[in-house]
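Listing of query.txt, compact mmCIF, C-alpha atoms and all ligand atoms
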```txt
# COMPACT_ATOMS: atom_id res chain seq x y z
CA MET A 268 -17.32 69.96 40.51
CA SER A 269 -18.39 73.32 39.08
CA LYS A 270 -22.00 74.60 39.18
CA LEU A 271 -24.67 72.11 38.09
CA ILE A 272 -26.34 72.82 34.74
CA TYR A 273 -30.01 71.88 34.73
CA LEU A 274 -31.38 71.30 31.23
CA ASP A 275 -34.49 69.24 31.99
CA ASN A 276 -37.02 72.04 32.39
CA ALA A 277 -39.66 70.11 30.45
CA ALA A 278 -39.71 67.61 33.34
CA ALA A 279 -39.80 70.09 36.23
CA THR A 280 -38.90 73.72 36.93
CA PRO A 281 -37.54 75.21 40.14
CA ILE A 282 -40.13 77.03 42.22
CA ASP A 283 -40.20 80.81 41.81
CA PRO A 284 -39.42 82.59 45.14
CA GLU A 285 -42.54 84.78 44.83
CA VAL A 286 -44.70 81.72 44.26
CA LEU A 287 -43.23 80.08 47.34
CA GLN A 288 -43.88 83.22 49.42
CA ALA A 289 -47.51 83.24 48.33
CA MET A 290 -47.88 79.59 49.42
CA LEU A 291 -46.20 79.74 52.83
CA PRO A 292 -49.09 81.10 54.96
CA PHE A 293 -51.17 78.06 53.99
CA PHE A 294 -48.65 75.77 55.66
CA SER A 295 -48.85 77.71 58.94
CA ASP A 296 -51.45 80.29 60.13
CA LYS A 297 -53.89 79.62 57.30
CA PHE A 298 -54.08 75.85 57.66
CA TYR A 299 -57.88 75.71 58.07
CA ASN A 300 -60.15 73.55 55.95
CA PRO A 301 -61.65 75.96 53.38
CA SER A 302 -65.08 74.34 53.80
CA ALA A 303 -65.24 74.98 57.57
CA ALA A 304 -67.81 77.50 58.86
CA TYR A 305 -65.72 79.74 61.19
CA LEU A 306 -64.33 83.09 60.12
CA ALA A 307 -60.67 82.02 60.02
CA ALA A 308 -61.54 79.28 57.54
CA LYS A 309 -63.52 81.71 55.40
CA ASP A 310 -60.26 83.59 54.83
CA VAL A 311 -58.79 80.40 53.42
CA LYS A 312 -61.84 79.88 51.23
CA THR A 313 -61.47 83.46 49.99
CA ALA A 314 -57.83 82.78 49.07
CA LEU A 315 -58.92 79.68 47.15
CA ASN A 316 -61.60 81.65 45.31
CA LYS A 317 -59.11 84.40 44.47
CA ALA A 318 -56.73 81.82 43.05
CA ARG A 319 -59.52 80.41 40.89
CA GLN A 320 -60.48 83.91 39.75
CA LYS A 321 -56.85 84.69 38.85
CA ILE A 322 -56.61 81.53 36.75
CA ALA A 323 -59.94 82.31 35.07
CA ASN A 324 -58.78 85.85 34.24
CA THR A 325 -55.51 84.53 32.82
CA LEU A 326 -57.30 82.04 30.57
CA GLY A 327 -60.22 84.29 29.63
CA ALA A 328 -62.58 81.86 31.37
CA ARG A 329 -65.14 81.91 34.19
CA PRO A 330 -64.13 80.78 37.70
CA SER A 331 -66.79 78.04 37.54
CA GLU A 332 -64.92 76.57 34.56
CA ILE A 333 -61.70 75.93 36.54
CA ILE A 334 -61.34 72.58 38.35
CA PHE A 335 -58.20 72.31 40.49
CA THR A 336 -56.33 69.02 40.05
CA ALA A 337 -53.08 67.50 41.25
CA GLY A 338 -51.20 68.14 38.01
CA ALA A 339 -51.70 67.44 34.33
CA THR A 340 -51.96 63.65 34.61
CA GLU A 341 -55.09 64.01 36.70
CA ALA A 342 -56.46 66.80 34.50
CA ASN A 343 -55.98 64.64 31.38
CA ASN A 344 -57.69 61.69 33.05
CA LEU A 345 -60.59 63.84 34.19
CA ALA A 346 -61.00 65.29 30.70
CA ILE A 347 -60.92 61.99 28.86
CA GLN A 348 -62.57 59.62 31.29
CA GLY A 349 -64.93 62.35 32.49
CA VAL A 350 -66.29 63.05 29.00
CA MET A 351 -66.19 59.49 27.66
CA ARG A 352 -68.06 58.03 30.65
CA LYS A 353 -70.95 60.31 29.67
CA PHE A 354 -70.89 58.94 26.12
CA PRO A 355 -69.71 55.32 26.54
CA ASP A 356 -70.67 54.33 22.99
CA GLY A 357 -68.89 57.32 21.47
CA GLU A 358 -65.33 57.55 20.20
CA VAL A 359 -62.27 59.52 21.25
CA LEU A 360 -59.46 60.56 18.87
CA VAL A 361 -56.01 61.24 20.32
CA CYS A 362 -52.85 62.45 18.69
CA ALA A 363 -50.34 59.59 18.34
CA ILE A 364 -47.62 61.52 20.20
CA GLU A 365 -49.65 62.42 23.29
CA HIS A 366 -48.33 62.00 26.80
CA GLU A 367 -49.16 58.62 28.38
CA SER A 368 -51.65 60.34 30.68
CA VAL A 369 -53.80 60.96 27.58
CA LEU A 370 -53.06 57.74 25.68
CA ALA A 371 -53.72 55.41 28.62
CA PRO A 372 -57.21 56.68 29.58
CA ALA A 373 -58.19 56.99 25.88
CA SER A 374 -57.23 53.34 25.30
CA THR A 375 -59.94 52.24 27.76
CA PHE A 376 -62.63 53.62 25.39
CA LYS A 377 -63.28 53.24 21.68
CA SER A 378 -60.38 55.29 20.35
CA LYS A 379 -58.24 56.01 17.31
CA LYS A 380 -54.86 57.67 16.96
CA ILE A 381 -54.30 60.71 14.76
CA PRO A 382 -51.02 60.25 12.87
CA VAL A 383 -48.27 62.89 12.70
CA ASP A 384 -45.75 63.58 9.96
CA ASP A 385 -41.98 63.20 10.29
CA LYS A 386 -41.82 66.56 12.14
CA GLY A 387 -44.46 65.54 14.67
CA MET A 388 -47.20 67.69 13.11
CA ILE A 389 -50.86 66.78 12.62
CA LYS A 390 -52.42 67.50 9.24
CA SER A 391 -56.03 68.71 9.52
CA SER A 392 -56.96 66.58 6.49
CA ASN A 393 -55.75 63.40 8.28
CA LEU A 394 -57.80 64.33 11.32
CA LEU A 395 -60.88 65.05 9.20
CA GLU A 396 -60.74 61.54 7.72
CA LEU A 397 -60.90 60.00 11.21
CA ILE A 398 -63.91 61.97 12.45
CA ASN A 399 -67.26 60.19 12.21
CA ASP A 400 -70.76 60.77 13.61
CA LYS A 401 -69.82 59.09 16.89
CA THR A 402 -66.66 61.11 17.56
CA VAL A 403 -67.21 62.78 20.93
CA LEU A 404 -63.80 64.03 21.94
CA ILE A 405 -60.56 64.96 20.20
CA SER A 406 -57.46 65.35 22.36
CA ILE A 407 -54.41 67.08 20.91
CA GLY A 408 -51.49 68.30 22.99
CA TYR A 409 -50.64 71.95 22.29
CA VAL A 410 -46.88 71.38 22.58
CA ASN A 411 -45.31 67.94 22.49
CA ASN A 412 -43.06 67.19 25.45
CA GLU A 413 -40.30 65.39 23.53
CA LEU A 414 -40.13 67.41 20.28
CA GLY A 415 -41.68 70.75 21.20
CA ALA A 416 -43.97 70.46 18.14
CA ILE A 417 -46.74 73.08 18.29
CA GLN A 418 -50.00 71.76 16.85
CA PRO A 419 -52.29 74.02 14.76
CA LEU A 420 -55.08 74.11 17.35
CA GLY A 421 -56.75 77.24 15.94
CA GLU A 422 -57.08 75.68 12.48
CA ILE A 423 -58.40 72.43 13.99
CA ALA A 424 -60.90 74.32 16.20
CA ASP A 425 -62.26 76.14 13.12
CA MET A 426 -62.65 72.86 11.27
CA LEU A 427 -64.55 71.33 14.23
CA LYS A 428 -66.91 74.34 14.38
CA LYS A 429 -68.04 73.58 10.83
CA ILE A 430 -68.55 69.89 11.62
CA ARG A 431 -70.58 70.79 14.72
CA SER A 432 -72.97 72.97 12.78
CA LYS A 433 -73.46 70.20 10.20
CA ARG A 434 -74.17 67.77 13.04
CA LEU A 435 -76.85 70.04 14.47
CA LYS A 436 -78.75 69.78 11.20
CA LYS A 437 -78.48 65.97 11.33
CA ASP A 438 -79.81 65.81 14.91
CA ASN A 439 -76.66 64.04 16.06
CA LYS A 440 -76.78 63.49 19.86
CA TYR A 441 -73.00 63.47 20.33
CA PRO A 442 -71.00 66.59 21.09
CA LEU A 443 -67.62 67.15 19.43
CA TYR A 444 -65.27 68.49 22.07
CA LEU A 445 -61.66 69.62 21.62
CA HIS A 446 -59.33 68.98 24.56
CA THR A 447 -55.73 70.10 24.75
CA ASP A 448 -52.98 69.18 27.17
CA ALA A 449 -51.18 72.52 27.49
CA ALA A 450 -48.64 71.41 30.13
CA GLN A 451 -45.65 72.21 27.88
CA ALA A 452 -47.17 75.33 26.29
CA THR A 453 -48.03 77.47 29.30
CA ASN A 454 -44.65 79.19 29.74
CA TYR A 455 -44.38 80.27 26.11
CA LEU A 456 -47.66 80.35 24.17
CA ASP A 457 -50.99 82.12 24.46
CA ILE A 458 -53.40 79.81 26.28
CA HIS A 459 -56.46 82.07 26.19
CA VAL A 460 -59.24 79.51 25.78
CA SER A 461 -61.52 81.31 23.37
CA ARG A 462 -58.65 82.40 21.12
CA LEU A 463 -57.55 78.75 21.03
CA GLY A 464 -61.09 77.46 20.53
CA VAL A 465 -60.78 74.58 23.00
CA ASN A 466 -63.52 73.12 25.20
CA LEU A 467 -61.22 71.50 27.73
CA MET A 468 -57.60 72.27 28.65
CA SER A 469 -55.17 70.59 31.07
CA LEU A 470 -52.61 72.66 32.96
CA ASN A 471 -49.70 71.84 35.23
CA GLY A 472 -47.97 73.95 37.92
CA GLY A 473 -44.73 72.00 38.28
CA LYS A 474 -43.47 72.99 34.82
CA ILE A 475 -44.18 76.71 35.19
CA PHE A 476 -42.10 77.51 38.28
CA GLY A 477 -44.97 76.49 40.57
CA PRO A 478 -45.49 73.53 42.90
CA LYS A 479 -45.63 69.92 41.72
CA GLN A 480 -48.98 68.10 41.94
CA SER A 481 -50.76 71.38 41.18
CA GLY A 482 -52.75 72.23 38.09
CA ALA A 483 -56.25 72.49 36.71
CA LEU A 484 -58.67 71.34 34.08
CA TYR A 485 -60.56 74.05 32.23
CA VAL A 486 -64.05 72.77 31.39
CA GLN A 487 -66.09 75.11 29.24
CA SER A 488 -69.62 75.81 30.55
CA GLY A 489 -72.04 73.38 28.97
CA VAL A 490 -69.48 70.57 28.58
CA THR A 491 -70.80 67.67 30.62
CA ILE A 492 -68.33 65.44 32.41
CA GLU A 493 -68.45 62.84 35.17
CA PRO A 494 -66.27 63.10 38.25
CA LEU A 495 -63.59 60.44 38.80
CA ILE A 496 -63.29 61.09 42.55
CA LEU A 497 -66.50 60.99 44.56
CA GLY A 498 -67.00 62.28 48.09
CA GLY A 499 -67.66 65.68 49.66
CA GLY A 500 -68.51 67.40 46.38
CA GLN A 501 -65.67 69.96 46.24
CA GLU A 502 -64.68 71.54 42.91
CA PHE A 503 -68.27 71.80 41.65
CA ASN A 504 -68.78 68.08 42.38
CA LEU A 505 -66.06 67.17 39.88
CA ARG A 506 -63.15 66.47 42.25
CA SER A 507 -63.95 65.66 45.84
CA GLY A 508 -61.46 66.05 48.67
CA THR A 509 -60.21 68.94 50.80
CA GLU A 510 -58.49 71.38 48.50
CA ASN A 511 -54.69 71.72 48.65
CA VAL A 512 -54.97 75.48 49.11
CA ALA A 513 -51.21 76.16 49.16
CA ALA A 514 -50.80 74.34 45.82
CA CYS A 515 -53.82 76.10 44.28
CA VAL A 516 -52.55 79.54 45.37
CA GLY A 517 -49.02 78.76 44.14
CA PHE A 518 -50.32 77.47 40.84
CA ALA A 519 -52.42 80.60 40.26
CA GLU A 520 -49.40 82.84 40.94
CA ALA A 521 -47.15 80.81 38.67
CA LEU A 522 -49.71 80.71 35.85
CA GLU A 523 -50.29 84.45 35.92
CA MET A 524 -46.53 85.07 35.93
CA ALA A 525 -45.96 82.63 33.07
CA GLN A 526 -48.58 84.26 30.87
CA THR A 527 -47.68 87.89 31.63
CA GLU A 528 -43.90 87.59 31.44
CA ARG A 529 -43.43 85.00 28.71
CA HIS A 530 -39.69 84.43 28.32
CA SER A 531 -39.95 82.84 24.87
CA GLN A 532 -37.23 84.86 23.13
CA THR A 533 -34.68 84.51 25.95
CA VAL A 534 -35.20 80.77 26.17
CA GLU A 535 -35.22 80.32 22.39
CA LYS A 536 -31.86 82.12 22.15
CA LEU A 537 -30.36 79.76 24.73
CA ARG A 538 -31.73 76.68 22.98
CA ASP A 539 -30.50 77.92 19.59
CA CYS A 540 -27.08 78.78 21.04
CA PHE A 541 -26.81 75.21 22.37
CA GLU A 542 -27.83 73.70 19.02
CA GLU A 543 -25.54 75.93 16.93
CA ASN A 544 -22.54 75.19 19.11
CA LEU A 545 -23.28 71.48 19.09
CA GLN A 546 -23.74 71.26 15.32
CA LYS A 547 -20.46 73.11 14.75
CA LEU A 548 -18.64 70.56 16.90
CA VAL A 549 -20.69 67.49 15.93
CA PRO A 550 -21.91 67.90 12.33
CA ARG A 551 -23.74 64.56 12.47
CA ALA A 552 -26.02 65.77 15.30
CA VAL A 553 -29.61 65.88 13.99
CA ILE A 554 -32.29 68.11 15.52
CA ASN A 555 -35.62 66.28 15.56
CA GLY A 556 -39.03 67.78 14.89
CA SER A 557 -40.24 70.93 13.23
CA ARG A 558 -37.84 73.89 13.19
CA LYS A 559 -40.68 76.25 12.33
CA ASN A 560 -43.45 75.10 14.66
CA ARG A 561 -41.40 74.38 17.76
CA ALA A 562 -41.75 75.65 21.33
CA PRO A 563 -38.63 77.57 22.38
CA HIS A 564 -37.47 75.36 25.24
CA ILE A 565 -37.08 71.88 23.72
CA SER A 566 -34.19 70.38 21.79
CA SER A 567 -34.37 66.72 20.76
CA ILE A 568 -31.01 65.61 19.41
CA THR A 569 -29.99 62.37 17.70
CA ILE A 570 -26.25 61.66 17.41
CA ALA A 571 -25.68 58.50 15.38
CA GLY A 572 -23.63 55.88 17.18
CA ILE A 573 -24.01 57.09 20.76
CA ASP A 574 -25.73 55.24 23.58
CA ASN A 575 -28.12 57.85 25.01
CA GLU A 576 -28.40 56.31 28.50
CA ARG A 577 -24.63 56.18 28.85
CA ILE A 578 -24.10 59.74 27.61
CA MET A 579 -26.89 61.00 29.85
CA MET A 580 -25.17 59.43 32.86
CA GLU A 581 -21.76 60.78 31.84
CA LEU A 582 -23.23 64.25 31.36
CA ASP A 583 -24.76 63.93 34.82
CA GLU A 584 -21.41 62.90 36.33
CA ASN A 585 -20.02 66.08 34.78
CA GLY A 586 -22.80 68.28 36.18
CA VAL A 587 -25.18 68.52 33.17
CA MET A 588 -28.72 67.19 33.61
CA CYS A 589 -30.85 66.23 30.61
CA ALA A 590 -33.33 63.50 29.67
CA VAL A 591 -33.62 60.42 27.52
CA GLY A 592 -37.03 60.98 25.93
CA SER A 593 -39.61 61.99 28.51
CA ALA A 594 -38.92 61.89 32.26
CA CYS A 595 -42.63 61.64 32.91
CA SER A 596 -42.95 57.98 31.94
CA ALA A 597 -41.30 56.95 35.16
CA SER A 598 -40.15 53.39 34.44
CA SER A 599 -40.48 52.78 30.73
CA GLN A 600 -37.67 50.90 28.98
CA GLU A 601 -39.61 50.90 25.72
CA PRO A 602 -38.35 53.13 22.90
CA SER A 603 -40.19 56.47 22.87
CA HIS A 604 -43.58 56.24 21.08
CA VAL A 605 -43.12 59.89 20.07
CA LEU A 606 -39.84 59.30 18.24
CA SER A 607 -41.24 56.07 16.72
CA ALA A 608 -44.26 58.01 15.43
CA ILE A 609 -42.02 60.43 13.52
CA GLY A 610 -40.21 57.51 11.91
CA LEU A 611 -37.01 57.15 13.93
CA SER A 612 -35.57 53.63 14.08
CA LYS A 613 -34.93 51.94 17.44
CA GLN A 614 -31.24 52.56 16.94
CA GLN A 615 -31.84 56.28 16.34
CA ILE A 616 -34.15 56.48 19.36
CA TYR A 617 -31.48 54.96 21.60
CA SER A 618 -29.11 57.68 20.31
CA THR A 619 -31.48 60.55 21.15
CA LEU A 620 -31.37 62.96 24.08
CA ARG A 621 -33.72 65.75 25.16
CA PHE A 622 -32.38 69.04 26.45
CA SER A 623 -34.94 71.54 27.74
CA PHE A 624 -34.17 75.10 28.74
CA GLY A 625 -35.71 77.51 31.23
CA ARG A 626 -35.60 81.21 32.03
CA GLN A 627 -33.02 80.58 34.81
CA ASN A 628 -30.43 79.13 32.38
CA ASP A 629 -27.73 81.28 30.73
CA GLN A 630 -25.64 81.28 27.58
CA LYS A 631 -22.52 79.98 29.31
CA GLU A 632 -24.47 76.93 30.45
CA ALA A 633 -25.77 76.31 26.91
CA ILE A 634 -22.24 76.48 25.47
CA THR A 635 -20.70 74.31 28.23
CA ALA A 636 -23.40 71.66 27.73
CA ALA A 637 -22.85 71.62 23.94
CA GLN A 638 -19.08 71.31 24.36
CA LEU A 639 -19.37 68.53 26.91
CA LEU A 640 -21.88 66.61 24.78
CA ALA A 641 -19.54 66.95 21.78
CA LYS A 642 -16.60 65.62 23.78
CA LEU A 643 -18.53 62.67 25.23
CA SER A 644 -20.03 61.80 21.83
CA ALA A 645 -16.55 61.63 20.31
CA ASP A 646 -15.36 59.36 23.17
CA ASN A 647 -18.42 57.11 22.81
CA ARG A 648 -18.28 56.35 19.10
N1 LIG B 701 -48.61 66.20 29.81
C1 LIG B 701 -47.42 66.58 29.34
C2 LIG B 701 -47.33 67.15 27.95
C3 LIG B 701 -46.27 66.45 30.11
O1 LIG B 701 -45.09 66.84 29.62
C4 LIG B 701 -46.39 65.89 31.42
C5 LIG B 701 -45.19 65.68 32.24
O2 LIG B 701 -44.08 65.86 31.85
C6 LIG B 701 -47.66 65.54 31.87
C7 LIG B 701 -48.73 65.70 31.04
C8 LIG B 701 -47.87 64.97 33.23
O3 LIG B 701 -47.67 65.91 34.23
P1 LIG B 701 -47.66 65.46 35.76
O4 LIG B 701 -46.71 64.31 35.87
O5 LIG B 701 -47.15 66.63 36.48
O6 LIG B 701 -49.02 65.09 36.12
```

If you convert what's in this file into structure tokens, what do you get?
Ligand code: PLP
Amino acid sequence: MSKLIYLDNAAATPIDPEVLQAMLPFFSDKFYNPSAAYLAAKDVKTALNKARQKIANTLGARPSEIIFTAGATEANNLAIQGVMRKFPDGEVLVCAIEHESVLAPASTFKSKKIPVDDKGMIKSSNLLELINDKTVLISIGYVNNELGAIQPLGEIADMLKKIRSKRLKKDNKYPLYLHTDAAQATNYLDIHVSRLGVNLMSLNGGKIFGPKQSGALYVQSGVTIEPLILGGGQEFNLRSGTENVAACVGFAEALEMAQTERHSQTVEKLRDCFEENLQKLVPRAVINGSRKNRAPHISSITIAGIDNERIMMELDENGVMCAVGSACSASSQEPSHVLSAIGLSKQQIYSTLRFSFGRQNDQKEAITAAQLLAKLSADNR
């Protein structure tokens, strides 16, 4: 079999060699517990603090606003449960196409879903209608993991500012926080927190050429949240447990690299090359989601009449890896809630595949994948 073609970068990315190098000492000489009192351990604590500082600089935040977590699932849970436990009689609004790690914790509180249009986009006016005096938290993913839809966070943040100042006059005791899950945005979009206008933001290392189970939650100063994990009081009392220093250091490296060297245009060209080649060969192939407000790495394709699971397996047998919906919902047989929300029928959902590109892919791979998909789709009609 010729070289494998990996087109599932939205699920996981390979680790960058420089990131790995930065992590290695913490698996050998620098194994000490960062909270220990001796000098050798202080070095490890210093490395942890530097990693936090690097992340803060990258986001335009303060180090005290960065809470290390084991990935975006944990960050999303800490954001939603952490805030809502402080305001148990308040309400949380979540976008209908969020990742399960947002939807599931939100469903344990009083919550409502913000609808999206047939391109996966939120309309500010629809959101406005759902906000009431008890709305405490609004959680909207920056980039959707199945469609690549980029939500208008800046516009939403401006709208919330106006509502907050009206609330102040009414003596309303509830805050109105904006949380975003930026796991799919970090490689390609600006995630500077004040430019975005968010109060909380979830990040993930495993999708930005860093280690899996690494990430962070940004919590703006003044936002009050409750910890989910109690114990030794690490991470400003918000996430107890001995820090995974190697993962924190690797995540900081990967995040800085992702934001300084954004490869948006390169990746977009590859994705577009794949789609153009495919549509020439398979005119019935439909690209889902917004063409205008779409992150550069994701291509969601529906080809009427195909069985997506079967094609995915045949592609795999031929060396091309892609996904059926999201790989992050480990065992779900249910049709994708994201594709349902944009109005696709069950039949269309079961004929949909997700291809996601990364900076390590090349044009030849994009063309080979399109040609193979075209061939298999013709065989599978
Ligand atoms: N949020 C989004 C948008 C994702 O795409 C994913 C995983 O694909 C997650 C959260 C969960 O990340 P993790 O499984 O690394 O915790």

Note to self: What residues of the protein or nucleic acid chains come within 7 Å of ligand LIG 701 (chain B) when you use only C-alpha atoms and all ligand atoms? Reply as an MDAnalysis selection string.
What the structure shows: chainID A and resid 277:278 337:341 366 368 408 410:412 448:451 471 473 479:480 593:595

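With atom CA of A:Val516 on one side and atom CA of A:Ala289 on the other, the separation reads 6.9 Å.
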
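One finds atom CA of A:Ala363 at 11.1 Å from atom CA of A:Ser378.
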
Next item on the list: Quick one: residues within 12 Å of (-34.3, 56.8, 24.0) (file frame), counting all atoms listed in the file, please, as an NGL selection string.
Entry: :A and (413 or 567-570 or 573-579 or 590-594 or 596 or 599-607 or 611-621)

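The residue that comes closest to A:Glu535, out of A:Asp457, A:Glu581, A:Asp275, A:Asp629 and on the basis of only C-alpha atoms, is A:Asp629.
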
Next item on the list: May I ask which of the residues A:Asp385, A:Glu632, A:Glu332, A:Glu493 is the closest one to A:Arg352, counting all atoms listed in the file?
Entry: A:Glu493

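For the pair atom CA of A:Val369 and atom CA of A:Ile347, the interatomic distance is 7.3 Å.
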
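Proximity to A:Ile417 was assessed for A:Lys436, A:Lys631, A:Lys270, A:Lys559 counting all atoms listed in the file; the smallest distance is recorded for A:Lys559.
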
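Ranking A:Glu523, A:Leu404, A:Lys474, A:Thr325 by their shortest atom-to-atom distance to A:Pro281, with only C-alpha atoms included, puts A:Lys474 first.
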
Next item on the list: Show which residues sit within 12 Å of A:Pro372, as a PyMOL selection string. Count all atoms listed in the file, and ignore same-chain residues fewer than 6 positions away.
Entry: chain A and resi 340-352+359-361+365-366+378+406+495

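Using only C-alpha atoms, the smallest distance between any of A:Leu643, A:Ile407, A:Leu545, A:Ile634 and A:Met580 comes from A:Leu643.
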
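Counting only C-alpha atoms, the residue from A:Leu271, A:Ile609, A:Ile333, A:Ala307 that sits nearest to A:Ser488 is A:Ile333.
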
Take every atom of stretch 384-397 of chain A listed in the file, fit an axis-aligned box around them, add 4 Å per side, and give the centre and edge lengths in Å to one decimal as lines of an AutoDock Vina configuration file.
```
center_x = -51.4
center_y = 64.4
center_z = 10.6
size_x = 27.1
size_y = 16.7
size_z = 16.2
```

Checklist line | Local residues around (-57.4, 57.9, 15.6), at most 12 Å away, using all atoms listed in the file, as a PyMOL selection string | finding: chain A and resi 358-365+370+373-374+376-383+389+393-399+402+404-407

Could you write out that same residue set with C-alpha atoms as a compact mmCIF listing (two decimals), in the coordinates of the input?
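To be explicit, this is the file written out as selection_24.txt:
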```txt
# COMPACT_ATOMS: atom_id res chain seq x y z
CA GLU A 358 -65.33 57.55 20.20
CA VAL A 359 -62.27 59.52 21.25
CA LEU A 360 -59.46 60.56 18.87
CA VAL A 361 -56.01 61.24 20.32
CA CYS A 362 -52.85 62.45 18.69
CA ALA A 363 -50.34 59.59 18.34
CA ILE A 364 -47.62 61.52 20.20
CA GLU A 365 -49.65 62.42 23.29
CA LEU A 370 -53.06 57.74 25.68
CA ALA A 373 -58.19 56.99 25.88
CA SER A 374 -57.23 53.34 25.30
CA PHE A 376 -62.63 53.62 25.39
CA LYS A 377 -63.28 53.24 21.68
CA SER A 378 -60.38 55.29 20.35
CA LYS A 379 -58.24 56.01 17.31
CA LYS A 380 -54.86 57.67 16.96
CA ILE A 381 -54.30 60.71 14.76
CA PRO A 382 -51.02 60.25 12.87
CA VAL A 383 -48.27 62.89 12.70
CA ILE A 389 -50.86 66.78 12.62
CA ASN A 393 -55.75 63.40 8.28
CA LEU A 394 -57.80 64.33 11.32
CA LEU A 395 -60.88 65.05 9.20
CA GLU A 396 -60.74 61.54 7.72
CA LEU A 397 -60.90 60.00 11.21
CA ILE A 398 -63.91 61.97 12.45
CA ASN A 399 -67.26 60.19 12.21
CA THR A 402 -66.66 61.11 17.56
CA LEU A 404 -63.80 64.03 21.94
CA ILE A 405 -60.56 64.96 20.20
CA SER A 406 -57.46 65.35 22.36
CA ILE A 407 -54.41 67.08 20.91
```

Next item on the list: Pick out the residues sitting within 8 Å of stretch 626-628 of chain A, and hand them over as a PyMOL selection string; count only C-alpha atoms, and ignore anything fewer than 4 positions along from it in its own chain.
Entry: chain A and resi 272-274+530+533-534+537+632-633

Next item on the list: Find the spatial neighbours of A:Leu484, counting only C-alpha atoms, within a cut-off of 7 Å - ignore same-chain residues fewer than 5 positions away - and output them as a ChimeraX atom specification.
Entry: /A:333-336,342,467-470

Set the distance at 7 Å and use only C-alpha atoms: which residues neighbour A:Gly499 once local chain neighbours fewer than 2 positions away are removed? I'd like the list as a PDB file with C-alpha atoms, in the coordinates of the input.
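New file part.pdb:
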```pdb
ATOM      1  CA  GLN A 501     -65.670  69.960  46.240  1.00  0.00           C
ATOM      2  CA  SER A 507     -63.950  65.660  45.840  1.00  0.00           C
ATOM      3  CA  GLY A 508     -61.460  66.050  48.670  1.00  0.00           C
TER       4      GLY A 508
END
```
